[in-house]
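This report refers to the structure that appears directly beneath it.
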Amino acid sequence: MSGRRKKKRIRWIRFILEVMVLAALALALFIGAKFTQIQRGSLKISNLVKNDSIPADELDRMGEYKDIALFGVDSREGALESGTNSDTIMICSINQKTHEVKLVSVYRDTYLDLTDGSYHKCNAAYAAGGAQQAVSMLNKNLDLNITDYVTVNFEALVELVDMFGGVDINLTEGEVQYLNDYLVEGRQVLGRECEDVSGPGLQHLNGMQALAYSRIRYIGMDYERTQRQRTVLEQLFGKVRDADIFTLNTAIDTLLPKISTSLSMTELLKIAAGAGGFSFGETQGFPFDKTTADLQDGNCVIPINLPANVSQLHAFLYGTQGYIPSSAVQEIGANISAATGIYG
């Protein structure tokens with residue numbers, strides 16, 4: 001090889017290396033710029049409550065899934081940490097092999113241990129100790145091993161629905177009435193204009209209307225309310241899955257200032273990049289077997305035999321047949337029965 005050709009080759013190699021370095025710096029700046037928009041929660045994995053007596057084989061099976069706690073807060077001031085009840089509590093479980101996504105809504109009025117031995121409606125855990133206590137509450141009562149969460153406020157849902165062109169929902173006459181009633185408050189709180197929904201049947205809802213629909217709890221109580229929330233999320237999931245990278249980037253920029261999460265920016269971008277390969281599976285509400293009772297906290301949802309419900313949950317999420325809940329869950333179930341007089 002001649003000296004001239006050798007020098008030319010060295011220059012090309014140097015040029016390629018410089019381009020690679022610049023690209024890496026640009027990517028780092030890109031991620032860093034987005035990272036600064038996130039409200040980083042104070043969740044500490046080392047302090048999370050987890051039940052020690054979960055069998056090792058079940059922990060291994062659970063490790064094949066990425067479980068994320070989703071909280072929606074009814075915050076008028078935009079607060080995403082403690083001090084506000086979690087209006088929505090969901091478990092998002094992603095099968096890391098098949099990429100199937102399942103959602104479980106935990107009814108917010110469910111009577112459970114808030115992790116400190118006190119029993120109340122489970123949505124009070126977030127008000128008392130933010131995501132740290134709310135995630136611990138899910139782990140302790142349901143034999144879970146969740147270490148990540150995402151909390152959003154109402155405005156985030158409104159903007160996300162609008163960004164992806166709305167959702168199509170089949171409404172009853174009763175749902176239309178309550179939806180329009182919720183819109184009155186929504187306009188005041190969020191300062192947005194929005195027309196009423198004209199009538200029942202299949203309707204194309206914008207962000208404000210979808211939020212109002214998701215808040216209806218006077219038809220079917222919290223059971224149907226959480227189903228409405230999952231219906232909206234399922235449609236949004238399909239739109240996100242089919243979106244191009246530019247739309248996803250815009251969505252991330254819009255949502256990040258309105259969420260609090262323990263997920264790193266790298267993890268969020270990885271989930272966003274892989275959204276096209278996800279499939280949306282079944283959804284459920286927890287507890288499966290339930291009743292209601294008037295207690296000191298008001299009207300509560302009572303799990304009929306908590307351990308049996310937890311066994312059903314593990315079958316639904318992880319395919320575990322005949323799961324025997326931990327001694328901690330057995331004790332919590334016994335305490336709930338003793339306090340309410342409701343036995344399975």
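In the structure tokens, each chain is lettered A, B, ... as it comes, each chain's residues begin at 1, and ligands are numbered from 1 in order of appearance.
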Write out as a PyMOL selection string all residues of segment 89-222 of chain A that backbone DSSP assigns to helix (DSSP H, G or I). chain A and resi 124-142+154-163+173-190+207-215+221-222
Tell me, as a PyMOL selection string, which residues lie within 10 Å of segment 56-68 of chain A, counting only C-alpha atoms; anything in the same chain fewer than 6 positions away does not count. chain A and resi 90-103+135+143-150+261-263+314+317-320+323-324
Every residue of segment 82-280 of chain A that DSSP places in strand (DSSP E), as a ChimeraX atom specification: /A:86-95,100-106,111-113,119-121,148-153,167-171,201-205,259-261,279-280
Tell me, as a list of chain:residue names, which residues lie within 9 Å of Leu313 of chain A, counting only C-alpha atoms; anything in the same chain fewer than 2 positions away does not count. A:Val104, A:Leu142, A:Phe286, A:Pro287, A:Phe288, A:Ala308, A:Asn309, A:Val310, A:Ser311, A:Ala315, A:Phe316, A:Leu317, A:Tyr318, A:Thr320
For atom CA of Gly333 of chain A and atom CA of Asp113 of chain A, quote the distance in Å rounded to one decimal.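 Between atom CA of Gly333 of chain A and atom CA of Asp113 of chain A the gap works out to 9.5 Å.
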Atomic distance atom CA of Arg215 of chain A - atom CA of Asp289 of chain A, expressed in Å with one decimal: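 Straight-line distance from atom CA of Arg215 of chain A to atom CA of Asp289 of chain A works out to 23.0 Å.
As for atom CA of Gly207 of chain A and atom CA of Phe154 of chain A, they are spaced 9.9 Å apart.
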Selection near Asp52 of chain A, 10 Å with only C-alpha atoms, sequence-local residues under 5 positions removed, as number ranges by chain: A: 140, 143, 326-328
Any chance you can output those residues with N, CA and C atoms as a CSV table (one decimal), in the first residue's frame?
```csv
chain,number,residue,atom,x,y,z
A,140,LYS,N,-47.0,-6.4,49.5
A,140,LYS,CA,-47.3,-7.1,50.7
A,140,LYS,C,-48.6,-7.8,50.7
A,143,ASP,N,-48.4,-10.5,47.3
A,143,ASP,CA,-47.2,-11.4,47.0
A,143,ASP,C,-46.5,-11.0,45.7
A,326,SER,N,-48.1,-16.5,50.5
A,326,SER,CA,-47.1,-16.5,51.6
A,326,SER,C,-47.9,-16.4,53.0
A,327,SER,N,-47.1,-16.7,54.0
A,327,SER,CA,-47.7,-16.6,55.4
A,327,SER,C,-48.2,-15.1,55.7
A,328,ALA,N,-47.5,-14.1,55.1
A,328,ALA,CA,-47.9,-12.7,55.3
A,328,ALA,C,-49.3,-12.5,54.7
```
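Among the candidates A:Pro303, A:Gly186, A:Gly274, A:Gly130, the residue lying nearest to Gly72 of chain A is A:Gly130 (atoms considered: only C-alpha atoms).
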Can you list, as an NGL selection string, every protein, DNA or RNA residue that comes within 7 Å of Ile89 of chain A when you count only C-alpha atoms, leaving out same-chain residues fewer than 2 positions away? :A and (70-72 or 86-87 or 105-106 or 108)
